[in-house]
There are 2 protein chains.
Amino acid sequence: MPQFHLESFLPYELAQLSEQVSREFSALYRERFGISIPEWRVMANLSQAGTLSVREIHTRAGMDKSKVSRAAARLETAGYVAKTEDASDRRLVALSLTEAGRGLIEEITPLARAYEAQVLDRLGAGAAPFRDGIRRLLDG
Amino acid sequence: MPQFHLESFLPYELAQLSEQVSREFSALYRERFGISIPEWRVMANLSQAGTLSVREIHTRAGMDKSKVSRAAARLETAGYVAKTEDASDRRLVALSLTEAGRGLIEEITPLARAYEAQVLDRLGAGAAPFRDGIRRLLDG
DNA sequence: AGCCTATCGTTGCACTTGCAACGATGTCAA
DNA sequence: TTGACATCGTTGCAAGTGCAACGATAGGCT
């Protein structure tokens, strides 16, 4: 019988953990605000940068550009994001948060911080080396 | 301007890392053997346990049971997995690897170990605490 | 035995996803 | 200026996904 110990296989563990954490966190805002994970990511990027094109979010966040485009379309319909034609390059769409969008970010931010703190608590003293490891792998 | 630092937000980092690692690893077998990530996971579980029902893989691997069912169907068509009716409980489908399936596992296993070693190398001395952190979070 | 409820695996459905192709716009050199 | 090529965001399409509902089977209670 060939054997492969999947549950101690790093890519598998990471996938399990990532899905668990994403699910737990998105549960905090999905039902309450009606936005999905890609939508939240677009908004969080905009909250940080002010104005971004679809392409910039695609690059920053590693999201497919069609994913960004559709998330932005839904967010525009929901009133959280404004889409403007870039004045100096009309191919670009300038995305930015509306007033409602900024309000939503302000509501979610404390939830996000609290959730993150709760996760880090579970790691105790291991939190620092854990985050260190993540960053080292993400850079490579 | 409300701000939220997404790139240092743990759920986001984990999602990025997990996707990167899954993508890198699946590239090693996807094209060569024509199997997807869910299919690989089903096979790896079977290689470990010998025979499992759809429900057991669903529980073990945290995969939706329809996902398991469809992966198993594709793997049966591909000749890697056999589906048998459980003798003592006819509701159950007994999944097991075929000879071809075992051969595939034997080909992928060294690739998996090599990839994992390469990732752990990037972590150096931080590898042990990193894995520790993953396991601690997965248990909770 | 007969019924009631639980559990199994599959399937229908609506939705999301990644990829490729498209029209629109920009850039640059002849 | 014109033409060739690059880049932007959107959309069509096929495939995958989670969820709920389904028929089939099992188990327990009377």
# chains A, B, ... in the order shown; residues from 1 in each chain; ligands from 1

$ residues_around --residues "region 27-30 of chain D" --least-positions-apart "4" --cutoff "9 Å" --atoms "only C-alpha atoms (C1' of nucleotides)" --output "short mmCIF file (atom, residue, chain, number, x, y, z; two decimals) with N, CA and C atoms (P, O5', C5', C4', C3', O3' and C1' of nucleotides), in the first residue's frame"
data_model
loop_
_atom_site.label_atom_id
_atom_site.label_comp_id
_atom_site.auth_asym_id
_atom_site.auth_seq_id
_atom_site.Cartn_x
_atom_site.Cartn_y
_atom_site.Cartn_z
P DC C 4 -45.44 7.41 10.12
"O5'" DC C 4 -44.28 8.07 10.97
"C5'" DC C 4 -43.93 7.49 12.25
"C4'" DC C 4 -42.53 7.94 12.63
"C3'" DC C 4 -42.05 9.18 11.88
"O3'" DC C 4 -41.47 10.08 12.83
"C1'" DC C 4 -40.53 7.40 11.55
P DT C 5 -41.06 11.55 12.34
"O5'" DT C 5 -39.47 11.47 12.38
"C5'" DT C 5 -38.84 10.86 13.52
"C4'" DT C 5 -37.42 10.49 13.17
"C3'" DT C 5 -36.62 11.59 12.47
"O3'" DT C 5 -35.46 11.85 13.22
"C1'" DT C 5 -36.35 9.52 11.36
P DA C 6 -34.43 12.99 12.74
"O5'" DA C 6 -33.17 12.13 12.27
"C5'" DA C 6 -32.66 11.12 13.13
"C4'" DA C 6 -31.53 10.39 12.45
"C3'" DA C 6 -30.51 11.31 11.77
"O3'" DA C 6 -29.20 10.86 12.08
"C1'" DA C 6 -31.38 9.75 10.19
#

$ closest_atom_pairs --of "chain D" --to "chain A" --cutoff "10 Å" --atoms "only C-alpha atoms (C1' of nucleotides)" --output "JSON lines"
{"residue": "D:DT7", "atom": "C1'", "partner": "A:Arg91", "partner_atom": "CA", "distance": 8.3}
{"residue": "D:DC8", "atom": "C1'", "partner": "A:Arg91", "partner_atom": "CA", "distance": 4.9}
{"residue": "D:DG9", "atom": "C1'", "partner": "A:Ser69", "partner_atom": "CA", "distance": 7.1}
{"residue": "D:DT10", "atom": "C1'", "partner": "A:Ser69", "partner_atom": "CA", "distance": 7.5}
{"residue": "D:DT11", "atom": "C1'", "partner": "A:Ser66", "partner_atom": "CA", "distance": 9.0}

$ write_last_selection --atoms "all heavy atoms" --output "CSV table (one decimal), in the first residue's frame"
chain,number,residue,atom,x,y,z
D,7,DT,P,2.5,45.9,-22.6
D,7,DT,OP1,3.6,46.3,-21.7
D,7,DT,OP2,2.2,44.5,-22.9
D,7,DT,O5',1.2,46.6,-22.1
D,7,DT,C5',1.2,48.0,-22.0
D,7,DT,C4',-0.2,48.5,-21.6
D,7,DT,O4',-1.1,48.4,-22.8
D,7,DT,C3',-0.9,47.6,-20.5
D,7,DT,O3',-1.4,48.5,-19.5
D,7,DT,C2',-2.0,46.9,-21.3
D,7,DT,C1',-2.3,47.9,-22.4
D,7,DT,N1,-3.0,47.3,-23.6
D,7,DT,C2,-4.1,48.0,-24.1
D,7,DT,O2,-4.5,49.0,-23.6
D,7,DT,N3,-4.6,47.4,-25.2
D,7,DT,C4,-4.1,46.2,-25.8
D,7,DT,O4,-4.7,45.8,-26.8
D,7,DT,C5,-3.0,45.6,-25.3
D,7,DT,C7,-2.4,44.4,-25.9
D,7,DT,C6,-2.5,46.2,-24.2
D,8,DC,P,-1.9,48.0,-18.2
D,8,DC,OP1,-1.3,48.8,-17.1
D,8,DC,OP2,-1.8,46.5,-18.2
D,8,DC,O5',-3.5,48.4,-18.2
D,8,DC,C5',-3.9,49.7,-18.3
D,8,DC,C4',-5.3,49.8,-18.7
D,8,DC,O4',-5.5,49.3,-20.0
D,8,DC,C3',-6.2,48.9,-17.8
D,8,DC,O3',-6.9,49.8,-16.8
D,8,DC,C2',-7.2,48.3,-18.7
D,8,DC,C1',-6.8,48.8,-20.1
D,8,DC,N1,-6.7,47.6,-21.1
D,8,DC,C2,-7.7,47.5,-22.1
D,8,DC,O2,-8.6,48.3,-22.1
D,8,DC,N3,-7.6,46.5,-23.0
D,8,DC,C4,-6.5,45.6,-22.9
D,8,DC,N4,-6.5,44.7,-23.8
D,8,DC,C5,-5.5,45.8,-21.9
D,8,DC,C6,-5.7,46.8,-21.0
D,9,DG,P,-7.6,49.1,-15.6
D,9,DG,OP1,-7.9,50.1,-14.6
D,9,DG,OP2,-6.9,47.9,-15.2
D,9,DG,O5',-9.0,48.6,-16.3
D,9,DG,C5',-9.9,49.6,-16.6
D,9,DG,C4',-11.1,49.0,-17.3
D,9,DG,O4',-10.7,48.2,-18.4
D,9,DG,C3',-11.9,48.0,-16.4
D,9,DG,O3',-13.3,48.4,-16.5
D,9,DG,C2',-11.6,46.7,-16.9
D,9,DG,C1',-11.3,47.0,-18.4
D,9,DG,N9,-10.4,46.0,-19.0
D,9,DG,C8,-9.2,45.6,-18.5
D,9,DG,N7,-8.6,44.7,-19.3
D,9,DG,C5,-9.4,44.6,-20.4
D,9,DG,C6,-9.3,43.8,-21.6
D,9,DG,O6,-8.4,43.1,-21.9
D,9,DG,N1,-10.4,44.0,-22.5
D,9,DG,C2,-11.5,44.8,-22.2
D,9,DG,N2,-12.4,44.9,-23.1
D,9,DG,N3,-11.6,45.6,-21.1
D,9,DG,C4,-10.5,45.4,-20.2
D,10,DT,P,-14.4,47.5,-15.8
D,10,DT,OP1,-15.5,48.4,-15.4
D,10,DT,OP2,-13.8,46.6,-14.8
D,10,DT,O5',-15.0,46.6,-17.0
D,10,DT,C5',-15.4,47.2,-18.2
D,10,DT,C4',-15.9,46.3,-19.2
D,10,DT,O4',-14.8,45.5,-19.7
D,10,DT,C3',-17.0,45.3,-18.7
D,10,DT,O3',-18.0,45.3,-19.6
D,10,DT,C2',-16.2,43.9,-18.7
D,10,DT,C1',-15.2,44.1,-19.8
D,10,DT,N1,-13.9,43.3,-19.6
D,10,DT,C2,-13.6,42.5,-20.6
D,10,DT,O2,-14.2,42.3,-21.6
D,10,DT,N3,-12.4,41.8,-20.4
D,10,DT,C4,-11.5,41.9,-19.3
D,10,DT,O4,-10.5,41.3,-19.2
D,10,DT,C5,-12.0,42.8,-18.3
D,10,DT,C7,-11.2,43.0,-17.0
D,10,DT,C6,-13.2,43.5,-18.5
D,11,DT,P,-19.4,44.5,-19.3
D,11,DT,OP1,-20.5,45.3,-19.9
D,11,DT,OP2,-19.4,44.2,-17.8
D,11,DT,O5',-19.2,43.2,-20.1
D,11,DT,C5',-19.0,43.2,-21.5
D,11,DT,C4',-18.7,41.9,-22.0
D,11,DT,O4',-17.4,41.4,-21.7
D,11,DT,C3',-19.7,40.8,-21.6
D,11,DT,O3',-20.1,40.0,-22.7
D,11,DT,C2',-18.8,39.9,-20.6
D,11,DT,C1',-17.5,40.1,-21.3
D,11,DT,N1,-16.3,39.8,-20.4
D,11,DT,C2,-15.2,39.1,-20.9
D,11,DT,O2,-15.2,38.6,-22.0
D,11,DT,N3,-14.2,39.0,-20.0
D,11,DT,C4,-14.1,39.4,-18.7
D,11,DT,O4,-13.1,39.2,-18.1
D,11,DT,C5,-15.2,40.2,-18.3
D,11,DT,C7,-15.2,40.8,-16.9
D,11,DT,C6,-16.2,40.4,-19.1

$ interface_residues --of "chain A" --to "chain B" --cutoff "6 Å" --atoms "only C-alpha atoms" --output "MDAnalysis selection string"
chainID A and resid 2:4 11 14:15 17:18 21:22 44 47:48 130 138

$ write_last_selection --atoms "C-alpha atoms" --output "compact mmCIF listing (two decimals), in the first residue's frame"
# COMPACT_ATOMS: atom_id res chain seq x y z
CA PRO A 2 1.55 3.30 -1.05
CA GLN A 3 1.18 5.95 1.58
CA PHE A 4 1.18 9.65 1.71
CA PRO A 11 0.45 22.81 1.30
CA LEU A 14 -1.96 25.78 4.74
CA ALA A 15 -5.01 25.34 2.55
CA LEU A 17 -5.95 26.83 7.75
CA SER A 18 -6.47 29.55 5.18
CA VAL A 21 -9.63 31.58 8.81
CA SER A 22 -11.21 33.13 5.72
CA ALA A 44 -9.66 47.30 1.86
CA SER A 47 -9.24 52.30 1.88
CA GLN A 48 -5.50 52.11 2.00
CA PHE A 130 4.60 32.47 12.73
CA LEU A 138 5.42 35.29 0.51

$ closest_atom_pairs --of "chain C" --to "chain B" --cutoff "10 Å" --atoms "only C-alpha atoms (C1' of nucleotides)" --output "CSV"
residue,atom,partner,partner_atom,distance
C:DT7,C1',B:Arg91,CA,8.4
C:DC8,C1',B:Arg91,CA,4.9
C:DG9,C1',B:Ser69,CA,7.1
C:DT10,C1',B:Ser69,CA,7.5
C:DT11,C1',B:Ser66,CA,9.0

$ write_last_selection --atoms "N, CA, C and O atoms (P, O5', C5', C4', C3', O3' and C1' of nucleotides)" --output "JSON list (two decimals), in the first residue's frame"
[["chain", "number", "residue", "atom", "x", "y", "z"],
["C", 7, "DT", "P", -27.95, 11.70, 11.66],
["C", 7, "DT", "O5'", -27.43, 10.91, 10.38],
["C", 7, "DT", "C5'", -27.11, 9.53, 10.50],
["C", 7, "DT", "C4'", -26.83, 8.99, 9.12],
["C", 7, "DT", "C3'", -25.83, 9.84, 8.31],
["C", 7, "DT", "O3'", -24.77, 8.99, 7.89],
["C", 7, "DT", "C1'", -27.72, 9.26, 7.02],
["C", 8, "DC", "P", -23.49, 9.56, 7.19],
["C", 8, "DC", "O5'", -23.59, 9.02, 5.71],
["C", 8, "DC", "C5'", -23.60, 7.61, 5.46],
["C", 8, "DC", "C4'", -23.98, 7.35, 4.03],
["C", 8, "DC", "C3'", -23.22, 8.20, 3.03],
["C", 8, "DC", "O3'", -22.18, 7.43, 2.43],
["C", 8, "DC", "C1'", -25.58, 8.10, 2.53],
["C", 9, "DG", "P", -21.04, 8.15, 1.60],
["C", 9, "DG", "O5'", -21.76, 8.41, 0.22],
["C", 9, "DG", "C5'", -22.03, 7.30, -0.63],
["C", 9, "DG", "C4'", -22.79, 7.76, -1.86],
["C", 9, "DG", "C3'", -22.01, 8.73, -2.77],
["C", 9, "DG", "O3'", -22.11, 8.24, -4.10],
["C", 9, "DG", "C1'", -24.10, 9.67, -2.18],
["C", 10, "DT", "P", -21.52, 9.10, -5.33],
["C", 10, "DT", "O5'", -22.81, 9.84, -5.90],
["C", 10, "DT", "C5'", -23.96, 9.06, -6.19],
["C", 10, "DT", "C4'", -25.08, 9.92, -6.75],
["C", 10, "DT", "C3'", -24.67, 10.84, -7.91],
["C", 10, "DT", "O3'", -25.59, 10.61, -8.97],
["C", 10, "DT", "C1'", -25.80, 12.08, -6.23],
["C", 11, "DT", "P", -25.36, 11.29, -10.38],
["C", 11, "DT", "O5'", -26.27, 12.60, -10.29],
["C", 11, "DT", "C5'", -27.66, 12.42, -10.05],
["C", 11, "DT", "C4'", -28.34, 13.76, -9.86],
["C", 11, "DT", "C3'", -27.98, 14.82, -10.92],
["C", 11, "DT", "O3'", -29.20, 15.39, -11.36],
["C", 11, "DT", "C1'", -27.72, 15.72, -8.77]]

$ select_by_dssp --residues "chain A" --states "alpha helix (DSSP H)" --output "count of residues only"
97

$ atom_distance --atom1 "CA of Pro38 (chain B)" --atom2 "CA of Gln118 (chain B)"
22.7 Å

$ residues_around --residues "DA6 (chain D)" --least-positions-apart "4" --cutoff "12 Å" --atoms "only C-alpha atoms (C1' of nucleotides)" --output "list of chain:residue names"
C:DT25, C:DG26, C:DT27, C:DC28

$ atom_distance --atom1 "CA of Lys83 (chain A)" --atom2 "CA of Leu95 (chain A)"
4.9 Å

$ atom_distance --atom1 "CA of Ala100 (chain A)" --atom2 "CA of Gly79 (chain A)"
6.8 Å

$ select_by_dssp --residues "region 14-135 of chain A" --states "strand (DSSP E)" --output "MDAnalysis selection string"
chainID A and resid 51:52 81:85 93:97

$ write_last_selection --atoms "C-alpha atoms" --output "short mmCIF file (atom, residue, chain, number, x, y, z; two decimals), in the first residue's frame"
data_model
loop_
_atom_site.label_atom_id
_atom_site.label_comp_id
_atom_site.auth_asym_id
_atom_site.auth_seq_id
_atom_site.Cartn_x
_atom_site.Cartn_y
_atom_site.Cartn_z
CA THR A 51 -7.81 55.61 -5.63
CA LEU A 52 -6.72 52.63 -7.68
CA VAL A 81 -17.46 52.30 -4.65
CA ALA A 82 -17.35 54.98 -7.33
CA LYS A 83 -16.00 54.28 -10.80
CA THR A 84 -14.55 57.27 -12.63
CA GLU A 85 -12.82 57.57 -15.94
CA VAL A 93 -11.04 53.19 -14.38
CA ALA A 94 -10.39 55.12 -11.19
CA LEU A 95 -11.93 53.23 -8.29
CA SER A 96 -12.50 54.92 -4.96
CA LEU A 97 -14.68 54.51 -1.88
#
